[in-house]
file upload-v9.cif (mmCIF, C-alpha atoms)
data_input
#
loop_
_atom_site.label_atom_id
_atom_site.label_comp_id
_atom_site.auth_asym_id
_atom_site.auth_seq_id
_atom_site.Cartn_x
_atom_site.Cartn_y
_atom_site.Cartn_z
CA MET A 1209 12.51 -23.49 20.72
CA LYS A 1210 15.72 -23.37 18.73
CA GLU A 1211 13.76 -22.80 15.51
CA VAL A 1212 11.82 -19.94 17.10
CA LEU A 1213 15.00 -18.21 18.19
CA LEU A 1214 16.61 -18.76 14.80
CA VAL A 1215 13.65 -17.25 12.93
CA MET A 1216 13.63 -14.25 15.26
CA VAL A 1217 17.34 -13.43 15.02
CA SER A 1218 17.39 -14.09 11.31
CA ALA A 1219 14.35 -11.90 10.56
CA ILE A 1220 15.47 -8.96 12.70
CA PHE A 1221 19.22 -8.82 12.06
CA ILE A 1222 20.64 -11.21 9.46
CA ASN A 1223 18.00 -11.10 6.75
CA ASN A 1224 16.79 -7.63 7.67
CA VAL A 1225 13.93 -6.67 5.33
CA VAL A 1226 15.56 -3.41 4.30
CA PHE A 1227 19.26 -4.18 4.22
CA ALA A 1228 19.36 -7.77 3.05
CA ARG A 1229 16.06 -8.29 1.22
CA PHE A 1230 15.53 -4.78 -0.20
CA LEU A 1231 11.86 -4.67 0.74
CA GLY A 1232 10.03 -1.49 1.68
CA ILE A 1233 12.66 0.90 0.37
CA CYS A 1234 10.09 3.54 -0.66
CA PRO A 1235 8.77 4.31 2.85
CA TYR A 1236 12.29 3.75 4.16
CA MET A 1237 13.56 6.62 2.03
CA GLY A 1238 10.35 8.66 2.09
CA VAL A 1239 9.42 8.98 5.76
CA SER A 1240 12.78 8.77 7.51
CA LYS A 1241 13.55 12.45 7.90
CA LYS A 1242 12.33 12.66 11.50
CA ILE A 1243 12.61 10.05 14.24
CA ALA A 1244 8.99 10.58 15.33
CA THR A 1245 7.46 9.88 11.92
CA ALA A 1246 9.92 7.06 11.28
CA SER A 1247 8.92 5.23 14.44
CA GLY A 1248 5.23 5.78 13.63
CA MET A 1249 5.73 4.25 10.19
CA GLY A 1250 7.74 1.40 11.69
CA MET A 1251 4.98 0.54 14.15
CA ALA A 1252 2.28 0.74 11.48
CA VAL A 1253 4.27 -1.57 9.21
CA THR A 1254 4.87 -4.09 12.00
CA PHE A 1255 1.18 -4.10 12.90
CA VAL A 1256 -0.15 -4.54 9.37
CA MET A 1257 2.59 -6.99 8.39
CA THR A 1258 1.77 -9.35 11.26
CA LEU A 1259 -1.96 -9.18 10.57
CA ALA A 1260 -1.57 -9.52 6.80
CA THR A 1261 0.72 -12.53 7.04
CA ALA A 1262 -1.68 -14.30 9.41
CA ILE A 1263 -4.63 -13.72 7.08
CA THR A 1264 -2.82 -14.56 3.84
CA PHE A 1265 -1.47 -17.75 5.43
CA LEU A 1266 -5.00 -18.93 6.25
CA LEU A 1267 -6.24 -17.82 2.83
CA ASN A 1268 -3.51 -19.80 1.13
CA LYS A 1269 -4.05 -22.91 3.22
CA PHE A 1270 -7.85 -23.07 3.20
CA ILE A 1271 -8.80 -21.49 -0.13
CA LEU A 1272 -5.98 -21.35 -2.66
CA ILE A 1273 -4.52 -24.83 -2.12
CA PRO A 1274 -7.76 -26.86 -1.70
CA PHE A 1275 -9.25 -25.30 -4.85
CA ASN A 1276 -5.95 -25.65 -6.71
CA ILE A 1277 -5.74 -21.99 -7.72
CA ALA A 1278 -2.32 -21.14 -6.32
CA TYR A 1279 -1.55 -19.15 -9.48
CA LEU A 1280 -4.01 -16.51 -8.26
CA GLN A 1281 -1.78 -15.89 -5.22
CA THR A 1282 -0.51 -12.46 -6.27
CA ILE A 1283 -3.96 -11.07 -7.11
CA MET A 1284 -5.65 -12.51 -4.02
CA PHE A 1285 -2.95 -11.37 -1.63
CA ILE A 1286 -2.76 -7.80 -2.86
CA VAL A 1287 -6.54 -7.40 -2.80
CA VAL A 1288 -6.70 -8.84 0.71
CA ILE A 1289 -3.88 -6.60 1.91
CA ALA A 1290 -5.44 -3.50 0.35
CA SER A 1291 -8.81 -4.17 1.97
CA LEU A 1292 -7.17 -5.15 5.25
CA VAL A 1293 -5.44 -1.79 5.41
CA GLN A 1294 -8.79 -0.05 4.87
CA ILE A 1295 -10.47 -2.15 7.58
CA VAL A 1296 -7.63 -1.55 10.04
CA GLU A 1297 -7.93 2.17 9.40
CA ILE A 1298 -11.69 2.20 10.04
CA ALA A 1299 -11.40 -0.09 13.08
CA LEU A 1300 -8.62 1.95 14.67
CA LYS A 1301 -10.58 5.15 14.17
CA LYS A 1302 -13.52 3.69 16.16
CA LEU A 1303 -11.71 1.55 18.73
CA SER A 1304 -8.54 3.41 19.57
CA PRO A 1305 -8.44 7.06 18.54
CA ALA A 1306 -5.04 7.47 20.27
CA LEU A 1307 -3.43 4.73 18.19
CA TYR A 1308 -5.21 6.10 15.10
CA GLN A 1309 -3.67 9.50 15.77
CA ALA A 1310 -0.24 7.92 15.89
CA LEU A 1311 -0.51 5.54 12.93
CA GLY A 1312 -3.37 7.04 10.90
CA ILE A 1313 -1.53 8.96 8.22
CA PHE A 1314 0.83 6.08 7.51
CA LEU A 1315 -1.82 3.45 6.91
CA PRO A 1316 -2.87 4.40 3.35
CA LEU A 1317 0.79 4.44 2.33
CA ILE A 1318 1.23 0.86 3.46
CA THR A 1319 -0.85 -0.72 0.69
CA THR A 1320 1.93 -0.21 -1.81
CA ASN A 1321 4.66 -1.10 0.66
CA CYS A 1322 6.27 -4.12 -0.93
CA ALA A 1323 7.54 -5.37 2.43
CA ILE A 1324 4.00 -6.41 3.43
CA LEU A 1325 3.31 -8.49 0.33
CA GLY A 1326 6.92 -9.64 0.23
CA VAL A 1327 6.92 -11.03 3.76
CA ALA A 1328 3.52 -12.69 3.18
CA ILE A 1329 4.85 -14.46 0.07
CA LEU A 1330 8.20 -15.30 1.69
CA SER A 1331 6.62 -17.01 4.67
CA ILE A 1332 4.63 -19.22 2.29
CA GLN A 1333 7.67 -19.94 0.12
CA ASN A 1334 9.62 -20.94 3.21
CA SER A 1335 6.70 -23.27 4.13
CA TYR A 1336 6.57 -22.12 7.73
CA SER A 1337 3.82 -23.28 10.08
CA PHE A 1338 1.15 -20.77 11.11
CA GLY A 1339 2.79 -19.77 14.39
CA ILE A 1340 6.24 -19.39 12.89
CA SER A 1341 4.80 -17.37 9.97
CA VAL A 1342 3.23 -14.86 12.33
CA LEU A 1343 6.42 -14.68 14.38
CA PHE A 1344 8.47 -14.25 11.22
CA ALA A 1345 6.23 -11.38 10.08
CA PHE A 1346 6.32 -9.69 13.48
CA CYS A 1347 10.11 -9.93 13.69
CA SER A 1348 10.52 -8.72 10.11
CA GLY A 1349 8.44 -5.72 11.13
CA LEU A 1350 10.70 -5.16 14.14
CA GLY A 1351 13.67 -5.37 11.78
CA PHE A 1352 12.08 -2.67 9.62
CA CYS A 1353 11.49 -0.53 12.74
CA LEU A 1354 15.09 -0.92 13.80
CA ALA A 1355 16.39 -0.03 10.35
CA ILE A 1356 14.19 3.03 9.84
CA ILE A 1357 14.70 4.43 13.36
CA ILE A 1358 18.51 4.16 13.22
CA PHE A 1359 18.44 5.65 9.74
CA SER A 1360 16.23 8.60 10.68
CA GLY A 1361 18.50 9.35 13.63
CA ILE A 1362 21.45 9.58 11.30
CA ARG A 1363 19.51 11.64 8.76
CA GLU A 1364 18.57 14.22 11.40
CA ARG A 1365 22.28 14.70 12.04
CA ILE A 1366 23.15 14.85 8.34
CA GLU A 1367 20.67 17.71 7.83
CA ASP A 1368 23.17 20.09 9.46
CA ALA A 1369 26.29 18.65 7.87
CA ASP A 1370 28.15 20.50 5.15
CA ILE A 1371 27.96 18.20 2.12
CA PRO A 1372 28.40 18.92 -1.61
CA GLU A 1373 25.31 20.49 -3.19
CA CYS A 1374 24.51 17.58 -5.53
CA PHE A 1375 24.72 14.98 -2.75
CA LYS A 1376 22.14 16.69 -0.55
CA ASN A 1377 19.02 14.81 0.54
CA ILE A 1378 18.49 11.56 -1.42
CA PRO A 1379 22.04 10.70 -2.66
CA ILE A 1380 23.63 11.08 0.77
CA ALA A 1381 20.71 9.13 2.29
CA LEU A 1382 21.35 6.26 -0.14
CA ILE A 1383 25.05 6.22 0.68
CA THR A 1384 24.26 6.31 4.41
CA ALA A 1385 21.94 3.35 3.89
CA GLY A 1386 24.80 1.57 2.13
CA ILE A 1387 27.11 2.06 5.09
CA LEU A 1388 24.34 0.91 7.46
CA ALA A 1389 23.81 -2.18 5.29
CA MET A 1390 27.52 -2.87 5.59
CA ALA A 1391 27.21 -2.68 9.38
CA PHE A 1392 24.28 -5.10 9.26
CA MET A 1393 26.35 -7.52 7.18
CA GLY A 1394 28.39 -8.00 10.34
CA PHE A 1395 25.46 -10.00 11.72
CA SER A 1396 25.62 -12.53 8.92
CA GLY A 1397 28.16 -14.65 10.78
CA LEU A 1398 25.82 -15.01 13.79
CA VAL A 1399 23.95 -18.11 12.64
CA LYS A 1400 25.57 -20.79 10.56
CA MET B 396 2.53 18.25 -25.43
CA ASN B 397 3.08 16.32 -28.62
CA ALA B 398 3.43 12.58 -28.98
CA TRP B 399 7.21 12.58 -29.15
CA GLN B 400 7.53 14.56 -25.92
CA GLU B 401 5.09 12.20 -24.18
CA PHE B 402 7.34 9.28 -25.13
CA ASN B 403 10.58 11.07 -24.48
CA LYS B 404 9.93 12.47 -21.00
CA GLY B 405 10.14 9.14 -19.19
CA ILE B 406 13.52 8.28 -20.61
CA ILE B 407 15.60 11.13 -19.22
CA LYS B 408 13.75 14.19 -17.98
CA GLU B 409 11.26 12.41 -15.70
CA ASN B 410 13.10 9.11 -15.40
CA PRO B 411 11.09 7.08 -12.89
CA VAL B 412 14.16 5.77 -11.06
CA LEU B 413 16.90 8.37 -11.34
CA VAL B 414 14.74 11.50 -11.05
CA ALA B 415 11.46 10.47 -9.42
CA LEU B 416 13.01 7.68 -7.28
CA LEU B 417 10.04 5.35 -7.67
CA GLY B 418 10.14 1.58 -7.48
CA LEU B 419 13.51 1.41 -5.77
CA CYS B 420 13.09 -2.07 -4.26
CA PRO B 421 13.54 -4.08 -7.49
CA VAL B 422 16.10 -1.54 -8.70
CA LEU B 423 18.38 -2.26 -5.77
CA ALA B 424 17.61 -5.94 -5.37
CA VAL B 425 17.94 -7.51 -8.81
CA THR B 426 20.73 -5.45 -10.35
CA THR B 427 23.55 -7.81 -9.43
CA THR B 428 23.95 -8.82 -13.08
CA VAL B 429 23.02 -7.09 -16.34
CA ILE B 430 20.81 -9.99 -17.43
CA ASN B 431 18.74 -9.80 -14.24
CA GLY B 432 18.49 -6.03 -14.56
CA LEU B 433 17.29 -6.18 -18.16
CA GLY B 434 14.90 -9.06 -17.40
CA MET B 435 13.31 -7.08 -14.57
CA GLY B 436 13.16 -3.94 -16.72
CA LEU B 437 11.39 -5.71 -19.58
CA ALA B 438 8.96 -7.53 -17.28
CA THR B 439 8.04 -4.24 -15.60
CA THR B 440 7.68 -2.50 -18.97
CA PHE B 441 5.28 -5.22 -20.13
CA VAL B 442 3.14 -4.86 -16.99
CA LEU B 443 3.19 -1.07 -17.27
CA LEU B 444 2.16 -1.18 -20.94
CA GLY B 445 -0.65 -3.67 -20.30
CA SER B 446 -2.03 -1.86 -17.28
CA ASN B 447 -1.80 1.58 -18.94
CA ILE B 448 -3.73 0.28 -21.99
CA VAL B 449 -6.50 -1.38 -19.95
CA ILE B 450 -6.82 1.44 -17.43
CA SER B 451 -6.92 4.10 -20.11
CA LEU B 452 -9.73 2.15 -21.84
CA ILE B 453 -11.86 1.48 -18.76
CA SER B 454 -11.15 4.56 -16.65
CA LYS B 455 -14.53 6.11 -17.55
CA LEU B 456 -16.39 3.02 -16.27
CA ILE B 457 -14.77 2.97 -12.82
CA PRO B 458 -16.35 5.04 -10.03
CA SER B 459 -13.61 7.26 -8.67
CA LYS B 460 -14.04 6.03 -5.08
CA VAL B 461 -12.96 2.47 -5.85
CA ARG B 462 -10.48 3.30 -8.59
CA ILE B 463 -7.30 2.35 -6.69
CA PRO B 464 -8.40 -1.24 -5.87
CA CYS B 465 -9.54 -1.63 -9.51
CA TYR B 466 -6.16 -0.45 -10.79
CA ILE B 467 -4.39 -2.85 -8.44
CA VAL B 468 -6.44 -5.80 -9.72
CA VAL B 469 -5.64 -4.87 -13.35
CA ILE B 470 -1.93 -4.55 -12.53
CA ALA B 471 -1.93 -7.82 -10.56
CA THR B 472 -3.49 -9.62 -13.54
CA PHE B 473 -0.66 -8.55 -15.82
CA VAL B 474 1.90 -9.43 -13.15
CA THR B 475 0.45 -12.94 -12.97
CA ILE B 476 0.73 -13.24 -16.76
CA VAL B 477 4.39 -12.18 -16.67
CA ASP B 478 5.07 -14.46 -13.71
CA LEU B 479 3.65 -17.52 -15.49
CA LEU B 480 5.44 -16.63 -18.76
CA ILE B 481 8.82 -16.29 -17.06
CA GLN B 482 8.26 -19.52 -15.14
CA ALA B 483 7.51 -21.32 -18.39
CA PHE B 484 10.19 -19.90 -20.67
CA SER B 485 13.09 -18.92 -18.45
CA PRO B 486 13.39 -20.92 -15.22
CA ALA B 487 16.87 -19.47 -14.60
CA LEU B 488 15.60 -15.88 -14.70
CA ASN B 489 12.64 -16.93 -12.55
CA LYS B 490 15.03 -18.28 -9.97
CA SER B 491 17.28 -15.23 -9.84
CA LEU B 492 14.47 -12.64 -9.80
CA GLY B 493 12.53 -14.77 -7.33
CA ILE B 494 10.10 -12.92 -5.13
CA PHE B 495 10.56 -9.68 -7.06
CA ILE B 496 8.39 -10.90 -9.95
CA PRO B 497 5.15 -10.99 -7.89
CA LEU B 498 6.32 -7.80 -6.21
CA ILE B 499 6.06 -5.88 -9.51
CA VAL B 500 2.45 -5.43 -8.43
CA VAL B 501 3.48 -3.06 -5.63
CA ASN B 502 5.99 -1.13 -7.73
CA CYS B 503 4.77 2.38 -7.01
CA MET B 504 5.84 3.54 -10.47
CA ILE B 505 3.11 1.44 -12.13
CA LEU B 506 0.28 2.55 -9.86
CA GLY B 507 1.65 6.08 -10.12
CA ARG B 508 1.42 6.09 -13.94
CA ALA B 509 -2.06 4.54 -13.81
CA GLU B 510 -3.31 7.22 -11.43
CA ALA B 511 -1.43 10.21 -12.80
CA PHE B 512 -1.50 9.49 -16.51
CA ALA B 513 -3.43 6.54 -17.95
CA SER B 514 -6.70 7.33 -16.19
CA ARG B 515 -6.72 10.87 -17.60
CA ASN B 516 -5.40 10.41 -21.12
CA LYS B 517 -6.36 8.75 -24.39
CA LEU B 518 -5.19 5.28 -25.31
CA TRP B 519 -2.49 6.33 -27.77
CA TYR B 520 -0.83 8.72 -25.33
CA SER B 521 -1.04 6.15 -22.52
CA ILE B 522 0.80 3.63 -24.70
CA LEU B 523 3.54 6.16 -25.46
CA ASP B 524 3.78 7.12 -21.80
CA ALA B 525 4.09 3.47 -20.74
CA LEU B 526 6.75 2.75 -23.36
CA GLY B 527 8.77 5.84 -22.44
CA MET B 528 8.58 5.20 -18.71
CA GLY B 529 9.31 1.49 -19.22
CA ILE B 530 12.38 2.24 -21.33
CA GLY B 531 13.54 4.81 -18.77
CA PHE B 532 13.14 2.24 -16.00
CA THR B 533 14.97 -0.43 -18.01
CA LEU B 534 17.80 1.97 -18.86
CA ALA B 535 18.27 2.90 -15.21
CA LEU B 536 18.35 -0.78 -14.25
CA PHE B 537 20.82 -1.45 -17.07
CA LEU B 538 23.11 1.37 -15.93
CA LEU B 539 23.13 0.30 -12.29
CA SER B 540 23.49 -3.41 -13.06
CA ALA B 541 26.33 -2.78 -15.55
CA ILE B 542 28.26 -0.79 -12.94
CA ARG B 543 27.64 -3.41 -10.27
CA GLU B 544 28.47 -6.38 -12.48
CA ILE B 545 31.67 -4.86 -13.92
CA LEU B 546 32.99 -3.68 -10.55
CA GLY B 547 31.60 -6.45 -8.42
CA SER B 548 32.32 -9.56 -10.45
CA GLY B 549 34.50 -8.30 -13.31
CA THR B 550 32.09 -9.51 -15.99
CA ILE B 551 29.40 -8.10 -18.27
CA PHE B 552 26.59 -10.31 -19.60
CA GLY B 553 28.55 -13.07 -17.85
CA ILE B 554 31.67 -12.56 -20.02
CA ALA B 555 34.88 -11.91 -18.09
CA ILE B 556 36.44 -8.55 -18.99
CA ALA B 557 38.48 -7.59 -15.97
CA GLY B 558 41.54 -9.75 -16.68
CA ASN B 559 43.67 -10.08 -13.59
CA MET B 560 41.98 -7.28 -11.66
CA PRO B 561 40.39 -8.68 -8.52
CA PRO B 562 36.63 -7.90 -8.41
CA ILE B 563 35.36 -5.55 -5.70
CA LEU B 564 32.93 -7.96 -4.09
CA ILE B 565 31.08 -5.31 -2.09
CA PHE B 566 29.36 -4.05 -5.26
CA VAL B 567 27.30 -7.21 -5.70
CA LEU B 568 26.33 -7.13 -2.01
CA PRO B 569 23.56 -4.88 -0.61
CA PRO B 570 25.83 -1.99 0.56
CA GLY B 571 27.23 -1.61 -2.95
CA ALA B 572 23.72 -1.33 -4.37
CA PHE B 573 22.79 1.57 -2.10
CA ALA B 574 26.09 3.38 -2.57
CA ALA B 575 26.23 2.95 -6.37
CA LEU B 576 22.66 4.26 -6.75
CA GLY B 577 23.53 7.16 -4.44
CA PHE B 578 26.43 8.18 -6.66
CA ILE B 579 24.37 7.82 -9.86
CA VAL B 580 21.56 10.00 -8.46
CA ALA B 581 24.14 12.57 -7.31
CA ALA B 582 25.61 12.64 -10.83
CA VAL B 583 22.14 13.11 -12.35
CA ILE B 584 21.44 16.04 -9.99
CA TYR B 585 24.85 17.55 -10.77
CA PHE B 586 24.33 17.45 -14.54
CA THR B 587 20.73 18.72 -14.40
CA LYS B 588 21.87 21.71 -12.31
CA LYS B 589 24.77 22.35 -14.68
CA ASN B 590 22.45 22.26 -17.69
CA LYS B 591 20.01 24.66 -16.07
CA GLY B 592 22.90 26.99 -15.25
CA ALA B 593 24.09 26.91 -18.87
CA LYS B 594 20.66 27.97 -20.14
#
call {"tool": "encode", "arguments": {"input": "upload-v9.cif", "output": "structure tokens"}}
result
Amino acid sequence: MKEVLLVMVSAIFINNVVFARFLGICPYMGVSKKIATASGMGMAVTFVMTLATAITFLLNKFILIPFNIAYLQTIMFIVVIASLVQIVEIALKKLSPALYQALGIFLPLITTNCAILGVAILSIQNSYSFGISVLFAFCSGLGFCLAIIIFSGIRERIEDADIPECFKNIPIALITAGILAMAFMGFSGLVK
Amino acid sequence: MNAWQEFNKGIIKENPVLVALLGLCPVLAVTTTVINGLGMGLATTFVLLGSNIVISLISKLIPSKVRIPCYIVVIATFVTIVDLLIQAFSPALNKSLGIFIPLIVVNCMILGRAEAFASRNKLWYSILDALGMGIGFTLALFLLSAIREILGSGTIFGIAIAGNMPPILIFVLPPGAFAALGFIVAAVIYFTKKNKGAK
């Protein structure tokens, strides 16, 4: 139980995918102008990340390791993730049009989101068990949600602020992210 | 566009990091020291060059519907080559770049060049494009990592230069990475606007 709690707190706050691990910065910068789109992206990432980590874990355990081809990890994982995203898109369209409406446009963007592949590789490097891996992925996704939603809230405010011409848009967003990262560093004392 | 312009555009005018803001994850993550920054830059340049060459050669054979998965497989192959090479020849670099070596495969700059340039241009131009973009990427990493290493640990290439000045630790930590890149991008925007005004 202690391990479960530790993985959860660590993945969401302390080793936040965006602020501590620098994963998924492209969508983090790209789709964080509005809270609505940011939360859509966050949910899509959490969903695909959990699914992708579960599948790549099984792939690694039952195919790559028994056949001794662990060096093909990168190629296998990215192909699996790319096809998974396609399948999820098709399945959502058929099964749950409402969810597809909400997440649909973000799904194609997720293939090249390094957070997905990064978390899949990290959970194997950390040699977690299957359950913990899935939990780790889900909580990392929640961490991404938290980061992007807070950030988009701040960016909506910044839109109206009077800032120097050359700092508008991306530069001020990067500096805001820096200050947010500093706030998240406050969590690092939580677990020893 | 002549060959020189093809090569030149990636270095300053269309710099993948400072102007197009592509592939920011490795840019922010590995630039704590100049050596890491340069190592990442060169590894990415190698992958970009390899994938641009192969994709430019085979782009006519690939049906356009499945082109993106094909590009990703080509890129992933070169990433695996780089990964194994770094593991074999530089364990220290392998350790400090860590997970970001396999993650070169999802660097959107590489897929972007494959889709926007290599698949539509001849081999020679694709090579020039890859070299220019790769050098631009490496230069941006070098700039950011030099600033972070000098301010954050008072060294450059691991040699102490700051004397008695205490290092500003925040620059090697994540917040410093975001803020330093923010200021660099702001400076780039400022100077581009100034140049346009002068013309």
call {"tool": "closest_residue", "arguments": {"input": "upload-v9.cif", "among": "A:Asn1334, A:Ser1247, A:Ser1341, A:Ser1291", "to": "chain B", "atoms": "all atoms listed in the file"}}
result
A:Ser1291
call {"tool": "closest_atom_pairs", "arguments": {"input": "upload-v9.cif", "of": "chain B", "to": "chain A", "cutoff": "8 Å", "atoms": "only C-alpha atoms", "output": "JSON lines"}}
result
{"residue": "B:Leu417", "atom": "CA", "partner": "A:Cys1234", "partner_atom": "CA", "distance": 7.2}
{"residue": "B:Gly418", "atom": "CA", "partner": "A:Cys1234", "partner_atom": "CA", "distance": 7.1}
{"residue": "B:Leu419", "atom": "CA", "partner": "A:Ile1233", "partner_atom": "CA", "distance": 6.2}
{"residue": "B:Cys420", "atom": "CA", "partner": "A:Phe1230", "partner_atom": "CA", "distance": 5.5}
{"residue": "B:Pro421", "atom": "CA", "partner": "A:Phe1230", "partner_atom": "CA", "distance": 7.6}
{"residue": "B:Leu423", "atom": "CA", "partner": "A:Phe1230", "partner_atom": "CA", "distance": 6.7}
{"residue": "B:Ala424", "atom": "CA", "partner": "A:Phe1230", "partner_atom": "CA", "distance": 5.7}
{"residue": "B:Pro464", "atom": "CA", "partner": "A:Val1287", "partner_atom": "CA", "distance": 7.1}
{"residue": "B:Ile467", "atom": "CA", "partner": "A:Val1287", "partner_atom": "CA", "distance": 7.6}
{"residue": "B:Val468", "atom": "CA", "partner": "A:Ile1283", "partner_atom": "CA", "distance": 6.4}
{"residue": "B:Ala471", "atom": "CA", "partner": "A:Ile1283", "partner_atom": "CA", "distance": 5.2}
{"residue": "B:Thr472", "atom": "CA", "partner": "A:Ile1283", "partner_atom": "CA", "distance": 6.6}
{"residue": "B:Val474", "atom": "CA", "partner": "A:Thr1282", "partner_atom": "CA", "distance": 7.9}
{"residue": "B:Thr475", "atom": "CA", "partner": "A:Thr1282", "partner_atom": "CA", "distance": 6.8}
{"residue": "B:Ile494", "atom": "CA", "partner": "A:Gly1326", "partner_atom": "CA", "distance": 7.0}
{"residue": "B:Pro497", "atom": "CA", "partner": "A:Thr1282", "partner_atom": "CA", "distance": 6.1}
{"residue": "B:Leu498", "atom": "CA", "partner": "A:Cys1322", "partner_atom": "CA", "distance": 6.4}
{"residue": "B:Val500", "atom": "CA", "partner": "A:Thr1282", "partner_atom": "CA", "distance": 7.9}
{"residue": "B:Val501", "atom": "CA", "partner": "A:Thr1320", "partner_atom": "CA", "distance": 5.0}
{"residue": "B:Asn502", "atom": "CA", "partner": "A:Thr1320", "partner_atom": "CA", "distance": 7.2}
{"residue": "B:Cys503", "atom": "CA", "partner": "A:Thr1320", "partner_atom": "CA", "distance": 6.5}
{"residue": "B:Pro569", "atom": "CA", "partner": "A:Ala1228", "partner_atom": "CA", "distance": 6.3}
{"residue": "B:Pro570", "atom": "CA", "partner": "A:Gly1386", "partner_atom": "CA", "distance": 4.0}
{"residue": "B:Gly571", "atom": "CA", "partner": "A:Gly1386", "partner_atom": "CA", "distance": 6.5}
{"residue": "B:Ala572", "atom": "CA", "partner": "A:Gly1386", "partner_atom": "CA", "distance": 7.2}
{"residue": "B:Phe573", "atom": "CA", "partner": "A:Gly1386", "partner_atom": "CA", "distance": 4.7}
{"residue": "B:Ala574", "atom": "CA", "partner": "A:Ile1383", "partner_atom": "CA", "distance": 4.4}
{"residue": "B:Ala575", "atom": "CA", "partner": "A:Ile1383", "partner_atom": "CA", "distance": 7.9}
{"residue": "B:Leu576", "atom": "CA", "partner": "A:Leu1382", "partner_atom": "CA", "distance": 7.0}
{"residue": "B:Gly577", "atom": "CA", "partner": "A:Pro1379", "partner_atom": "CA", "distance": 4.2}
{"residue": "B:Phe578", "atom": "CA", "partner": "A:Pro1379", "partner_atom": "CA", "distance": 6.5}
{"residue": "B:Val580", "atom": "CA", "partner": "A:Pro1379", "partner_atom": "CA", "distance": 5.9}
{"residue": "B:Ala581", "atom": "CA", "partner": "A:Phe1375", "partner_atom": "CA", "distance": 5.2}
{"residue": "B:Ala582", "atom": "CA", "partner": "A:Cys1374", "partner_atom": "CA", "distance": 7.3}
{"residue": "B:Ile584", "atom": "CA", "partner": "A:Cys1374", "partner_atom": "CA", "distance": 5.6}
{"residue": "B:Tyr585", "atom": "CA", "partner": "A:Cys1374", "partner_atom": "CA", "distance": 5.3}
call {"tool": "write_last_selection", "arguments": {"input": "upload-v9.cif", "atoms": "C-alpha atoms", "output": "PDB file, keeping the file's coordinate frame"}}
result
ATOM      1  CA  LEU B 417      10.040   5.350  -7.670  1.00  0.00           C
ATOM      2  CA  GLY B 418      10.140   1.580  -7.480  1.00  0.00           C
ATOM      3  CA  LEU B 419      13.510   1.410  -5.770  1.00  0.00           C
ATOM      4  CA  CYS B 420      13.090  -2.070  -4.260  1.00  0.00           C
ATOM      5  CA  PRO B 421      13.540  -4.080  -7.490  1.00  0.00           C
ATOM      6  CA  LEU B 423      18.380  -2.260  -5.770  1.00  0.00           C
ATOM      7  CA  ALA B 424      17.610  -5.940  -5.370  1.00  0.00           C
ATOM      8  CA  PRO B 464      -8.400  -1.240  -5.870  1.00  0.00           C
ATOM      9  CA  ILE B 467      -4.390  -2.850  -8.440  1.00  0.00           C
ATOM     10  CA  VAL B 468      -6.440  -5.800  -9.720  1.00  0.00           C
ATOM     11  CA  ALA B 471      -1.930  -7.820 -10.560  1.00  0.00           C
ATOM     12  CA  THR B 472      -3.490  -9.620 -13.540  1.00  0.00           C
ATOM     13  CA  VAL B 474       1.900  -9.430 -13.150  1.00  0.00           C
ATOM     14  CA  THR B 475       0.450 -12.940 -12.970  1.00  0.00           C
ATOM     15  CA  ILE B 494      10.100 -12.920  -5.130  1.00  0.00           C
ATOM     16  CA  PRO B 497       5.150 -10.990  -7.890  1.00  0.00           C
ATOM     17  CA  LEU B 498       6.320  -7.800  -6.210  1.00  0.00           C
ATOM     18  CA  VAL B 500       2.450  -5.430  -8.430  1.00  0.00           C
ATOM     19  CA  VAL B 501       3.480  -3.060  -5.630  1.00  0.00           C
ATOM     20  CA  ASN B 502       5.990  -1.130  -7.730  1.00  0.00           C
ATOM     21  CA  CYS B 503       4.770   2.380  -7.010  1.00  0.00           C
ATOM     22  CA  PRO B 569      23.560  -4.880  -0.610  1.00  0.00           C
ATOM     23  CA  PRO B 570      25.830  -1.990   0.560  1.00  0.00           C
ATOM     24  CA  GLY B 571      27.230  -1.610  -2.950  1.00  0.00           C
ATOM     25  CA  ALA B 572      23.720  -1.330  -4.370  1.00  0.00           C
ATOM     26  CA  PHE B 573      22.790   1.570  -2.100  1.00  0.00           C
ATOM     27  CA  ALA B 574      26.090   3.380  -2.570  1.00  0.00           C
ATOM     28  CA  ALA B 575      26.230   2.950  -6.370  1.00  0.00           C
ATOM     29  CA  LEU B 576      22.660   4.260  -6.750  1.00  0.00           C
ATOM     30  CA  GLY B 577      23.530   7.160  -4.440  1.00  0.00           C
ATOM     31  CA  PHE B 578      26.430   8.180  -6.660  1.00  0.00           C
ATOM     32  CA  VAL B 580      21.560  10.000  -8.460  1.00  0.00           C
ATOM     33  CA  ALA B 581      24.140  12.570  -7.310  1.00  0.00           C
ATOM     34  CA  ALA B 582      25.610  12.640 -10.830  1.00  0.00           C
ATOM     35  CA  ILE B 584      21.440  16.040  -9.990  1.00  0.00           C
ATOM     36  CA  TYR B 585      24.850  17.550 -10.770  1.00  0.00           C
TER      37      TYR B 585
END
call {"tool": "resolve_selection", "arguments": {"input": "upload-v9.cif", "expression": "the PyMOL selection byres ((chain A and resi 1365) around 12)", "output": "ChimeraX atom specification"}}
result
/A:1241-1243,1358-1364,1366-1371,1377,1380-1381,1384
call {"tool": "atom_distance", "arguments": {"input": "upload-v9.cif", "atom1": "atom CA of Thr533 of chain B", "atom2": "atom CA of Val1239 of chain A"}}
result
26.2 Å
call {"tool": "residues_near_point", "arguments": {"input": "upload-v9.cif", "point": "(10.4, -3.5, 10.5)", "cutoff": "9 Å", "atoms": "all atoms listed in the file", "output": "PyMOL selection string"}}
result
chain A and resi 1220+1224-1226+1250-1251+1253-1254+1257+1323+1345-1356
